[in-house]
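Undergrad: Input start00.json, format and content: JSON, C-alpha atoms.
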```
[["chain", "number", "residue", "atom", "x", "y", "z"],
["A", 12, "MET", "CA", 15.09, -25.59, 1.41],
["A", 13, "TRP", "CA", 15.11, -24.41, 5.03],
["A", 14, "GLN", "CA", 18.28, -22.49, 4.41],
["A", 15, "ILE", "CA", 16.64, -20.60, 1.56],
["A", 16, "PHE", "CA", 13.65, -19.91, 3.76],
["A", 17, "HIS", "CA", 15.79, -18.46, 6.49],
["A", 18, "LYS", "CA", 17.93, -16.52, 4.10],
["A", 19, "LEU", "CA", 14.75, -14.96, 2.74],
["A", 20, "GLY", "CA", 13.92, -14.00, 6.28],
["A", 21, "SER", "CA", 17.26, -12.25, 6.84],
["A", 22, "PRO", "CA", 16.79, -8.48, 6.99],
["A", 23, "LYS", "CA", 20.27, -7.81, 5.61],
["A", 24, "TRP", "CA", 19.71, -10.03, 2.58],
["A", 25, "PHE", "CA", 16.30, -8.48, 1.95],
["A", 26, "PHE", "CA", 17.78, -4.99, 2.18],
["A", 27, "GLY", "CA", 20.20, -5.72, -0.65],
["A", 28, "ILE", "CA", 17.52, -7.28, -2.85],
["A", 29, "ALA", "CA", 15.19, -4.33, -2.24],
["A", 30, "ASP", "CA", 17.96, -1.91, -3.25],
["A", 31, "ARG", "CA", 18.24, -3.65, -6.60],
["A", 32, "TRP", "CA", 14.50, -3.94, -7.25],
["A", 33, "MET", "CA", 13.30, -0.54, -6.15],
["A", 34, "PRO", "CA", 14.26, 1.61, -9.18],
["A", 35, "TRP", "CA", 12.69, -0.96, -11.54],
["A", 36, "LEU", "CA", 9.52, -1.22, -9.49],
["A", 37, "LEU", "CA", 9.11, 2.54, -9.24],
["A", 38, "TRP", "CA", 9.73, 3.50, -12.84],
["A", 39, "SER", "CA", 7.98, 0.57, -14.51],
["A", 40, "GLY", "CA", 5.07, 1.04, -12.11],
["A", 41, "LEU", "CA", 4.73, 4.75, -12.88],
["A", 42, "LEU", "CA", 5.10, 4.12, -16.60],
["A", 43, "LEU", "CA", 2.35, 1.48, -16.69],
["A", 44, "LEU", "CA", 0.09, 3.46, -14.39],
["A", 45, "PHE", "CA", 0.40, 6.67, -16.39],
["A", 46, "SER", "CA", -0.05, 4.97, -19.75],
["A", 47, "GLY", "CA", -3.12, 3.15, -18.43],
["A", 48, "LEU", "CA", -4.62, 6.32, -16.97],
["A", 49, "ILE", "CA", -3.93, 8.57, -19.96],
["A", 50, "TRP", "CA", -5.30, 5.93, -22.31],
["A", 51, "GLY", "CA", -8.37, 5.51, -20.12],
["A", 52, "LEU", "CA", -8.98, 9.23, -19.64],
["A", 53, "ALA", "CA", -8.47, 10.51, -23.16],
["A", 54, "PHE", "CA", -8.53, 7.65, -25.67],
["A", 55, "ALA", "CA", -10.87, 4.91, -24.44],
["A", 56, "PRO", "CA", -14.37, 5.21, -25.95],
["A", 57, "GLU", "CA", -17.31, 6.58, -24.00],
["A", 58, "ASP", "CA", -19.57, 4.10, -22.23],
["A", 59, "TYR", "CA", -22.98, 3.86, -23.93],
["A", 60, "LEU", "CA", -24.80, 3.70, -20.60],
["A", 61, "GLN", "CA", -22.74, 5.64, -18.07],
["A", 62, "GLY", "CA", -21.19, 8.20, -20.40],
["A", 63, "ASN", "CA", -17.85, 9.59, -19.28],
["A", 64, "SER", "CA", -18.29, 9.02, -15.55],
["A", 65, "TYR", "CA", -17.17, 5.42, -16.10],
["A", 66, "ARG", "CA", -13.60, 6.74, -16.61],
["A", 67, "ILE", "CA", -13.34, 6.69, -12.82],
["A", 68, "ILE", "CA", -13.05, 2.90, -13.19],
["A", 69, "PHE", "CA", -9.37, 3.28, -14.17],
["A", 70, "ILE", "CA", -8.50, 4.37, -10.64],
["A", 71, "HIS", "CA", -11.39, 2.82, -8.71],
["A", 72, "VAL", "CA", -10.81, -0.79, -9.75],
["A", 73, "PRO", "CA", -7.00, -0.77, -9.32],
["A", 74, "SER", "CA", -7.34, 0.80, -5.84],
["A", 75, "ALA", "CA", -10.03, -1.64, -4.74],
["A", 76, "PHE", "CA", -8.17, -4.62, -6.24],
["A", 77, "LEU", "CA", -4.93, -3.69, -4.49],
["A", 78, "ALA", "CA", -6.69, -2.88, -1.22],
["A", 79, "GLN", "CA", -7.89, -6.48, -1.02],
["A", 80, "SER", "CA", -4.70, -8.05, -2.40],
["A", 81, "VAL", "CA", -2.60, -6.19, 0.14],
["A", 82, "TYR", "CA", -4.76, -7.52, 2.95],
["A", 83, "ILE", "CA", -4.41, -11.10, 1.63],
["A", 84, "MET", "CA", -0.61, -10.65, 1.45],
["A", 85, "MET", "CA", -0.66, -9.33, 5.02],
["A", 86, "ALA", "CA", -2.64, -12.39, 6.11],
["A", 87, "ALA", "CA", -0.09, -14.72, 4.47],
["A", 88, "ALA", "CA", 2.69, -12.83, 6.24],
["A", 89, "ALA", "CA", 0.76, -13.09, 9.52],
["A", 90, "VAL", "CA", 0.73, -16.90, 9.18],
["A", 91, "VAL", "CA", 4.50, -16.86, 8.61],
["A", 92, "THR", "CA", 4.91, -14.66, 11.70],
["A", 93, "LEU", "CA", 2.88, -16.99, 13.90],
["A", 94, "VAL", "CA", 4.22, -20.32, 12.61],
["A", 95, "TRP", "CA", 7.88, -19.64, 11.79],
["A", 96, "ARG", "CA", 8.47, -16.47, 13.80],
["A", 97, "ILE", "CA", 10.23, -14.83, 10.88],
["A", 98, "LYS", "CA", 10.68, -11.16, 11.74],
["A", 99, "LEU", "CA", 10.66, -9.98, 8.15],
["A", 100, "ALA", "CA", 7.03, -11.10, 7.81],
["A", 101, "ASP", "CA", 6.05, -8.84, 10.68],
["A", 102, "VAL", "CA", 8.10, -6.01, 9.16],
["A", 103, "PHE", "CA", 6.07, -6.45, 5.97],
["A", 104, "VAL", "CA", 2.70, -6.32, 7.75],
["A", 105, "LYS", "CA", 3.56, -3.13, 9.62],
["A", 106, "ALA", "CA", 5.19, -1.45, 6.63],
["A", 107, "VAL", "CA", 2.31, -1.96, 4.18],
["A", 108, "ALA", "CA", -0.73, -1.44, 6.45],
["A", 109, "PRO", "CA", -0.81, 2.36, 5.86],
["A", 110, "VAL", "CA", -0.50, 1.81, 2.09],
["A", 111, "GLY", "CA", -3.45, -0.59, 2.24],
["A", 112, "ALA", "CA", -5.45, 1.96, 4.23],
["A", 113, "VAL", "CA", -4.82, 4.71, 1.65],
["A", 114, "LEU", "CA", -5.82, 2.38, -1.21],
["A", 115, "THR", "CA", -9.01, 1.33, 0.59],
["A", 116, "PHE", "CA", -9.89, 4.95, 1.25],
["A", 117, "LEU", "CA", -9.32, 5.75, -2.43],
["A", 118, "ALA", "CA", -11.55, 2.86, -3.50],
["A", 119, "LEU", "CA", -14.32, 4.11, -1.20],
["A", 120, "PHE", "CA", -13.91, 7.75, -2.17],
["A", 121, "THR", "CA", -13.79, 7.21, -5.93],
["A", 122, "GLY", "CA", -16.68, 4.78, -5.57],
["A", 123, "ALA", "CA", -18.76, 7.42, -3.80],
["A", 124, "VAL", "CA", -18.01, 10.08, -6.42],
["A", 125, "TRP", "CA", -18.81, 7.59, -9.18],
["A", 126, "GLY", "CA", -22.00, 6.58, -7.41],
["A", 127, "LYS", "CA", -23.46, 10.09, -7.49],
["A", 128, "PRO", "CA", -23.94, 10.41, -11.28],
["A", 129, "THR", "CA", -24.52, 6.67, -11.77],
["A", 130, "TRP", "CA", -26.75, 5.60, -8.89],
["A", 131, "GLY", "CA", -27.91, 9.02, -7.77],
["A", 132, "THR", "CA", -26.38, 8.70, -4.31],
["A", 133, "TRP", "CA", -22.94, 9.11, -2.74],
["A", 134, "TRP", "CA", -23.36, 6.32, -0.26],
["A", 135, "ILE", "CA", -25.68, 3.47, 0.54],
["A", 136, "TRP", "CA", -25.31, 0.80, 3.20],
["A", 137, "ASP", "CA", -25.05, -1.98, 0.72],
["A", 138, "ALA", "CA", -23.03, -5.14, 1.26],
["A", 139, "ARG", "CA", -20.08, -4.30, -0.99],
["A", 140, "LEU", "CA", -19.69, -0.75, 0.31],
["A", 141, "THR", "CA", -20.11, -1.71, 3.96],
["A", 142, "SER", "CA", -17.61, -4.58, 3.79],
["A", 143, "MET", "CA", -15.07, -2.25, 2.14],
["A", 144, "LEU", "CA", -15.61, 0.24, 4.98],
["A", 145, "ILE", "CA", -14.91, -2.57, 7.45],
["A", 146, "LEU", "CA", -11.68, -3.29, 5.54],
["A", 147, "LEU", "CA", -10.65, 0.34, 6.07],
["A", 148, "PHE", "CA", -11.30, 0.00, 9.82],
["A", 149, "LEU", "CA", -9.31, -3.25, 9.88],
["A", 150, "TYR", "CA", -6.33, -1.42, 8.38],
["A", 151, "PHE", "CA", -6.72, 1.33, 10.98],
["A", 152, "GLY", "CA", -6.92, -1.33, 13.70],
["A", 153, "VAL", "CA", -3.70, -2.98, 12.53],
["A", 154, "MET", "CA", -1.91, 0.38, 12.47],
["A", 155, "ALA", "CA", -3.20, 1.37, 15.92],
["A", 156, "LEU", "CA", -2.32, -1.99, 17.47],
["A", 157, "ALA", "CA", 1.17, -1.95, 15.94],
["A", 158, "ALA", "CA", 1.74, 1.50, 17.40],
["A", 159, "ALA", "CA", 0.30, 0.62, 20.81],
["A", 160, "ILE", "CA", 2.56, -2.30, 21.77],
["A", 161, "ALA", "CA", 6.21, -1.41, 22.23],
["A", 162, "ASP", "CA", 7.57, -4.92, 22.72],
["A", 163, "GLU", "CA", 8.53, -6.25, 19.29],
["A", 164, "LYS", "CA", 7.58, -9.88, 19.83],
["A", 165, "SER", "CA", 4.23, -9.36, 21.53],
["A", 166, "SER", "CA", 3.35, -6.70, 19.00],
["A", 167, "ALA", "CA", 4.18, -9.06, 16.12],
["A", 168, "ARG", "CA", 1.95, -11.79, 17.54],
["A", 169, "ALA", "CA", -0.97, -9.51, 18.42],
["A", 170, "VAL", "CA", -0.95, -7.81, 15.01],
["A", 171, "ALA", "CA", -0.74, -11.19, 13.22],
["A", 172, "VAL", "CA", -3.78, -12.49, 15.13],
["A", 173, "LEU", "CA", -5.78, -9.35, 14.33],
["A", 174, "VAL", "CA", -4.89, -9.59, 10.63],
["A", 175, "LEU", "CA", -5.97, -13.25, 10.54],
["A", 176, "VAL", "CA", -9.26, -12.57, 12.29],
["A", 177, "GLY", "CA", -9.99, -9.81, 9.79],
["A", 178, "VAL", "CA", -9.31, -12.02, 6.77],
["A", 179, "VAL", "CA", -12.89, -13.35, 7.09],
["A", 180, "ASN", "CA", -13.96, -10.02, 5.58],
["A", 181, "ILE", "CA", -12.19, -10.68, 2.27],
["A", 182, "PRO", "CA", -14.54, -13.38, 0.89],
["A", 183, "ILE", "CA", -17.45, -11.25, 2.10],
["A", 184, "ILE", "CA", -16.20, -8.33, -0.03],
["A", 185, "LYS", "CA", -15.57, -10.60, -2.98],
["A", 186, "TYR", "CA", -18.89, -12.43, -3.00],
["A", 187, "SER", "CA", -21.05, -9.58, -1.68],
["A", 188, "VAL", "CA", -22.05, -8.69, -5.23],
["A", 189, "GLU", "CA", -23.24, -12.25, -5.83],
["A", 190, "TRP", "CA", -24.80, -13.16, -2.49],
["A", 191, "TRP", "CA", -26.89, -10.05, -2.04],
["A", 192, "ASN", "CA", -28.82, -7.81, -4.35],
["A", 193, "THR", "CA", -26.65, -4.75, -4.40],
["A", 194, "LEU", "CA", -26.33, -1.62, -6.44],
["A", 195, "HIS", "CA", -22.70, -2.45, -7.10],
["A", 196, "GLN", "CA", -21.96, -4.11, -10.40],
["A", 197, "PRO", "CA", -20.30, -7.58, -10.50],
["A", 198, "ALA", "CA", -16.53, -8.05, -10.62],
["A", 199, "THR", "CA", -14.69, -6.44, -13.52],
["A", 200, "PHE", "CA", -11.88, -8.99, -13.66],
["A", 201, "LYS", "CA", -12.66, -12.66, -13.80],
["A", 202, "LEU", "CA", -9.97, -15.25, -14.37],
["A", 203, "THR", "CA", -12.34, -17.81, -15.79],
["A", 204, "GLU", "CA", -14.27, -15.71, -18.27],
["A", 205, "LYS", "CA", -13.62, -13.41, -21.14],
["A", 206, "PRO", "CA", -13.71, -9.73, -20.19],
["A", 207, "SER", "CA", -17.22, -8.30, -20.25],
["A", 208, "MET", "CA", -16.03, -4.95, -21.58],
["A", 209, "PRO", "CA", -14.51, -4.04, -24.95],
["A", 210, "LEU", "CA", -10.76, -4.43, -25.31],
["A", 211, "GLU", "CA", -10.16, -0.66, -25.67],
["A", 212, "MET", "CA", -11.45, -0.26, -22.11],
["A", 213, "TRP", "CA", -10.07, -3.47, -20.69],
["A", 214, "VAL", "CA", -6.43, -3.06, -21.74],
["A", 215, "PRO", "CA", -5.90, 0.39, -20.13],
["A", 216, "LEU", "CA", -7.58, -0.93, -16.99],
["A", 217, "LEU", "CA", -5.22, -3.90, -16.92],
["A", 218, "LEU", "CA", -2.24, -1.55, -17.41],
["A", 219, "SER", "CA", -3.24, 0.63, -14.48],
["A", 220, "VAL", "CA", -3.83, -2.38, -12.22],
["A", 221, "LEU", "CA", -0.38, -3.77, -13.07],
["A", 222, "GLY", "CA", 1.21, -0.34, -12.65],
["A", 223, "LEU", "CA", -0.31, 0.13, -9.22],
["A", 224, "TYR", "CA", 0.84, -3.38, -8.24],
["A", 225, "LEU", "CA", 4.43, -2.50, -9.17],
["A", 226, "LEU", "CA", 4.16, 0.83, -7.37],
["A", 227, "PHE", "CA", 2.92, -1.03, -4.32],
["A", 228, "GLY", "CA", 6.01, -3.26, -4.57],
["A", 229, "TRP", "CA", 8.15, -0.13, -4.42],
["A", 230, "PHE", "CA", 6.23, 1.16, -1.39],
["A", 231, "ALA", "CA", 6.64, -2.20, 0.35],
["A", 232, "CYS", "CA", 10.42, -2.29, -0.28],
["A", 233, "LEU", "CA", 11.00, 1.31, 0.80],
["A", 234, "ARG", "CA", 8.88, 1.13, 3.93],
["A", 235, "MET", "CA", 10.26, -2.27, 4.95],
["A", 236, "GLN", "CA", 13.79, -0.91, 4.58],
["A", 237, "THR", "CA", 12.89, 1.99, 6.89],
["A", 238, "GLU", "CA", 11.44, -0.40, 9.46],
["A", 239, "ILE", "CA", 14.57, -2.61, 9.25],
["A", 240, "LEU", "CA", 16.84, 0.40, 9.74],
["A", 241, "ILE", "CA", 15.02, 1.14, 13.00],
["A", 242, "ARG", "CA", 14.89, -2.43, 14.28],
["A", 243, "GLU", "CA", 18.44, -3.43, 13.40],
["A", 244, "ARG", "CA", 20.08, -0.12, 14.30],
["A", 245, "ARG", "CA", 22.52, -1.79, 16.67],
["A", 246, "THR", "CA", 24.00, -4.05, 14.01],
["A", 247, "ARG", "CA", 27.19, -3.13, 12.25],
["A", 248, "TRP", "CA", 25.81, -3.41, 8.72],
["A", 249, "VAL", "CA", 23.02, -0.96, 9.47],
["A", 250, "LYS", "CA", 25.48, 1.50, 11.01],
["A", 251, "GLU", "CA", 27.63, 1.32, 7.89],
["A", 252, "ARG", "CA", 24.59, 1.70, 5.70],
["A", 253, "VAL", "CA", 23.35, 4.75, 7.62],
["A", 254, "GLN", "CA", 26.77, 6.37, 7.28],
["A", 255, "ALA", "CA", 26.81, 5.71, 3.55],
["A", 256, "GLU", "CA", 23.25, 6.89, 2.97],
["A", 257, "GLY", "CA", 23.47, 10.09, 4.98],
["A", 258, "SER", "CA", 26.57, 11.41, 3.29],
["B", 16, "MET", "CA", -8.80, 10.80, -28.92],
["B", 17, "ALA", "CA", -12.30, 10.15, -27.64],
["B", 18, "PHE", "CA", -12.92, 13.93, -27.42],
["B", 19, "GLU", "CA", -13.15, 16.58, -30.09],
["B", 20, "SER", "CA", -11.65, 19.50, -28.19],
["B", 21, "LEU", "CA", -9.88, 20.31, -24.95],
["B", 22, "THR", "CA", -13.06, 21.84, -23.51],
["B", 23, "ALA", "CA", -14.98, 18.68, -24.31],
["B", 24, "PHE", "CA", -12.23, 16.70, -22.60],
["B", 25, "ILE", "CA", -12.42, 18.84, -19.47],
["B", 26, "GLU", "CA", -16.23, 18.97, -19.34],
["B", 27, "MET", "CA", -16.79, 15.30, -20.24],
["B", 28, "LYS", "CA", -20.44, 16.06, -21.01],
["B", 29, "GLY", "CA", -21.14, 17.17, -17.48],
["B", 30, "HIS", "CA", -19.26, 14.35, -15.77],
["B", 31, "GLY", "CA", -16.01, 16.33, -15.64],
["B", 32, "PRO", "CA", -16.27, 17.42, -11.98],
["B", 33, "PHE", "CA", -16.77, 13.81, -10.84],
["B", 34, "VAL", "CA", -13.99, 12.35, -12.97],
["B", 35, "TRP", "CA", -11.48, 15.10, -12.24],
["B", 36, "THR", "CA", -12.17, 15.05, -8.50],
["B", 37, "CYS", "CA", -11.37, 11.34, -8.41],
["B", 38, "TYR", "CA", -8.16, 11.70, -10.39],
["B", 39, "GLY", "CA", -7.14, 14.73, -8.32],
["B", 40, "VAL", "CA", -7.65, 12.98, -4.99],
["B", 41, "PHE", "CA", -5.91, 9.83, -6.28],
["B", 42, "PHE", "CA", -2.77, 11.72, -7.33],
["B", 43, "ALA", "CA", -2.77, 13.92, -4.22],
["B", 44, "LEU", "CA", -2.97, 10.94, -1.87],
["B", 45, "MET", "CA", -0.48, 8.76, -3.76],
["B", 46, "GLY", "CA", 1.90, 11.71, -3.97],
["B", 47, "ALA", "CA", 1.53, 12.36, -0.26],
["B", 48, "LEU", "CA", 2.19, 8.69, 0.48],
["B", 49, "ILE", "CA", 5.35, 8.73, -1.62],
["B", 50, "TYR", "CA", 6.54, 11.94, 0.04],
["B", 51, "TRP", "CA", 5.73, 10.70, 3.54],
["B", 52, "SER", "CA", 7.50, 7.34, 3.00],
["B", 53, "LEU", "CA", 10.65, 9.05, 1.68],
["B", 54, "PHE", "CA", 10.52, 11.64, 4.48],
["B", 55, "GLN", "CA", 10.25, 8.94, 7.18],
["B", 56, "ARG", "CA", 13.20, 7.14, 5.68],
["B", 57, "ARG", "CA", 15.34, 10.29, 5.64],
["B", 58, "ARG", "CA", 14.39, 11.17, 9.20],
["B", 59, "VAL", "CA", 15.36, 7.70, 10.46],
["B", 60, "VAL", "CA", 18.75, 7.93, 8.76],
["B", 61, "GLN", "CA", 19.37, 11.44, 10.16],
["B", 62, "THR", "CA", 18.39, 10.48, 13.71],
["B", 63, "GLN", "CA", 20.66, 7.45, 13.65],
["B", 64, "ARG", "CA", 23.59, 9.40, 12.26],
["B", 65, "ARG", "CA", 23.17, 11.96, 15.03],
["B", 66, "ASP", "CA", 23.03, 9.21, 17.66],
["B", 67, "MET", "CA", 26.15, 7.60, 16.24],
["B", 68, "ALA", "CA", 28.00, 10.92, 16.19],
["B", 69, "ARG", "CA", 26.99, 11.53, 19.78],
["B", 70, "ALA", "CA", 28.12, 8.05, 20.84],
["B", 71, "ALA", "CA", 31.45, 8.57, 19.08],
["B", 72, "ALA", "CA", 31.94, 11.93, 20.82],
["B", 73, "GLY", "CA", 31.12, 10.32, 24.18],
["B", 74, "ALA", "CA", 33.67, 7.57, 23.60],
["B", 75, "ASP", "CA", 36.37, 10.11, 22.63],
["B", 76, "SER", "CA", 36.00, 12.07, 25.84],
["B", 77, "GLY", "CA", 36.67, 8.94, 27.85],
["B", 78, "ARG", "CA", 33.11, 8.36, 29.04],
["B", 79, "THR", "CA", 31.82, 4.84, 28.71],
["B", 80, "THR", "CA", 28.51, 4.60, 26.86],
["B", 81, "VAL", "CA", 25.64, 3.60, 29.10],
["B", 82, "THR", "CA", 24.11, 0.32, 27.97],
["B", 83, "ALA", "CA", 21.23, 0.36, 30.42],
["B", 84, "SER", "CA", 19.44, 2.77, 32.68],
["B", 85, "PHE", "CA", 16.75, 2.20, 35.28],
["B", 86, "ASN", "CA", 13.92, 1.77, 32.82],
["B", 87, "ARG", "CA", 15.63, 1.19, 29.51],
["B", 88, "ILE", "CA", 18.04, -1.38, 28.12],
["B", 89, "ASN", "CA", 19.90, 0.01, 25.15],
["B", 90, "ASP", "CA", 21.69, -3.13, 24.05],
["B", 91, "SER", "CA", 19.80, -5.72, 22.03],
["B", 92, "GLN", "CA", 18.83, -8.67, 24.20],
["B", 93, "ASP", "CA", 18.51, -11.14, 21.32]]
```
Taking this structure as input, can you express it in the form of structure tokens?

TA:
Amino acid sequence: MWQIFHKLGSPKWFFGIADRWMPWLLWSGLLLLFSGLIWGLAFAPEDYLQGNSYRIIFIHVPSAFLAQSVYIMMAAAAVVTLVWRIKLADVFVKAVAPVGAVLTFLALFTGAVWGKPTWGTWWIWDARLTSMLILLFLYFGVMALAAAIADEKSSARAVAVLVLVGVVNIPIIKYSVEWWNTLHQPATFKLTEKPSMPLEMWVPLLLSVLGLYLLFGWFACLRMQTEILIRERRTRWVKERVQAEGS
Amino acid sequence: MAFESLTAFIEMKGHGPFVWTCYGVFFALMGALIYWSLFQRRRVVQTQRRDMARAAAGADSGRTTVTASFNRINDSQD
């Protein structure tokens, strides 16, 4: 068991696995994402209340969903960093933070543009919107802190602590639509209930969420590999790899 | 198709600008993120190849490579 755990934490082993997964993640991710989006844009029926503006949901919900998932994954990795001192966990946190920031920005931006025709305003300081904005600042904080501390070990610990402190924001985002009276509608995906929207809208949405998840997997692999190449540049296997890749 | 013509698809009964702005920004940012991640990767590989070539040239000319200077230790301390 412990051997498996430590093997999983070996950068060299991860590098090989990522090589094998990356083409699958990229192409299946793009395929699902594009089929979900084209279906949603051109073939899903119009919403009886919101008209066509609801088609923004097919990028808004996947972005917002991933933005929060990525933060939860970072928090899990932060625990691994603090408890077991596995370097790969810290590599993950630093590699995916910018991806999480872009997704959070997209969720906020598409939400604002959707809000204009639906609520009549671009922005309102409501609980869901404000807590998402805090999530964006948390991602920025993680990126800034990671860049500010040069020493690898202190940086890993400091970033992990920041990520864990920020995780308190996640339940606030999730339950904000239930705890407070907000303009934002309740969650689109619920594990315990049947979908509240017709299947012709729900299936393309599910496809685009899955596609973006897979695409995120590709981003994580690629960016972690880059980070490993920098950190392990003195090792022989990285030198051989760099020679092979550059030629 | 949920639309009768291409114009109807683009206009989306007046919601077109909102919908298309969102999709445009989404693809622009995701595309930029893909490009940036690939670019970073290529730059790291190029820098390291150059460093290795330089180190090899230094070794050939009989100079020993410096493992530490006053404020920097080049060898891993792990």

Undergrad: Considering only C-alpha atoms, state which residue in the set A:Ala108, A:Leu144, A:Ala87, A:Ile49 is at the smallest distance from A:Ala75.

TA: A:Leu144

Undergrad: What gap, in Å, lies between atom CA of A:Thr121 and atom CA of B:Phe18?

TA: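 Between these atoms lies a distance of 22.5 Å.
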
Undergrad: Give me the residues within 10 Å of A:Ala89 as a PyMOL selection string, counting only C-alpha atoms and dropping any in the same chain fewer than 2 places off.

TA: chain A and resi 83-87+91-97+100-101+103-104+167-175

Undergrad: Extract, using all atoms listed in the file, all DNA, RNA and protein residues at most 9 Å from A:Trp125, discarding same-chain residues fewer than 4 positions from it, and format them as a PyMOL selection string.

TA: (chain A and resi 64-65+67-68+71+120-121+129-130+133) or (chain B and resi 33-34+37)

Undergrad: What is the atom CA of A:Asn180 to atom CA of A:Arg139 distance in Å?

TA: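 Between atom CA of A:Asn180 and atom CA of A:Arg139 the gap is 10.6 Å.
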
Undergrad: Using only C-alpha atoms, select each residue of chain B with any atom at most 7 Å away from an atom of chain A, and give the selection as a PyMOL selection string.

TA: chain B and resi 16-17+27+30+33-34+37+41+52+56+60-61+64

Undergrad: Keeping C-alpha atoms for every residue in the selection just given, could you write it to a file as a PDB file, keeping the file's coordinate frame?

TA:
```
ATOM      1  CA  MET B  16      -8.800  10.800 -28.920  1.00  0.00           C
ATOM      2  CA  ALA B  17     -12.300  10.150 -27.640  1.00  0.00           C
ATOM      3  CA  MET B  27     -16.790  15.300 -20.240  1.00  0.00           C
ATOM      4  CA  HIS B  30     -19.260  14.350 -15.770  1.00  0.00           C
ATOM      5  CA  PHE B  33     -16.770  13.810 -10.840  1.00  0.00           C
ATOM      6  CA  VAL B  34     -13.990  12.350 -12.970  1.00  0.00           C
ATOM      7  CA  CYS B  37     -11.370  11.340  -8.410  1.00  0.00           C
ATOM      8  CA  PHE B  41      -5.910   9.830  -6.280  1.00  0.00           C
ATOM      9  CA  SER B  52       7.500   7.340   3.000  1.00  0.00           C
ATOM     10  CA  ARG B  56      13.200   7.140   5.680  1.00  0.00           C
ATOM     11  CA  VAL B  60      18.750   7.930   8.760  1.00  0.00           C
ATOM     12  CA  GLN B  61      19.370  11.440  10.160  1.00  0.00           C
ATOM     13  CA  ARG B  64      23.590   9.400  12.260  1.00  0.00           C
TER      14      ARG B  64
END
```

Undergrad: Can you report as AutoDock Vina command-line options the centre and edge lengths in Å, to one decimal, of an axis-aligned box around the listed atoms of stretch 24-29 of chain B padded with 3 Å on each side?

TA:
```
--center_x -16.7 --center_y 17.1 --center_z -20.0 --size_x 14.9 --size_y 9.7 --size_z 11.1
```

Undergrad: Which of these, B:Leu53, B:Ile88, B:Met67, B:Val59, has the shortest distance to A:Glu251 once you count all atoms listed in the file?

TA: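 That would be B:Met67, the residue with the smallest distance to A:Glu251.
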
Undergrad: Rounded to one decimal place, report the atom CA of A:Phe148-atom CA of A:Ser80 distance in Å.

TA: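 These atoms are spaced 16.1 Å apart.
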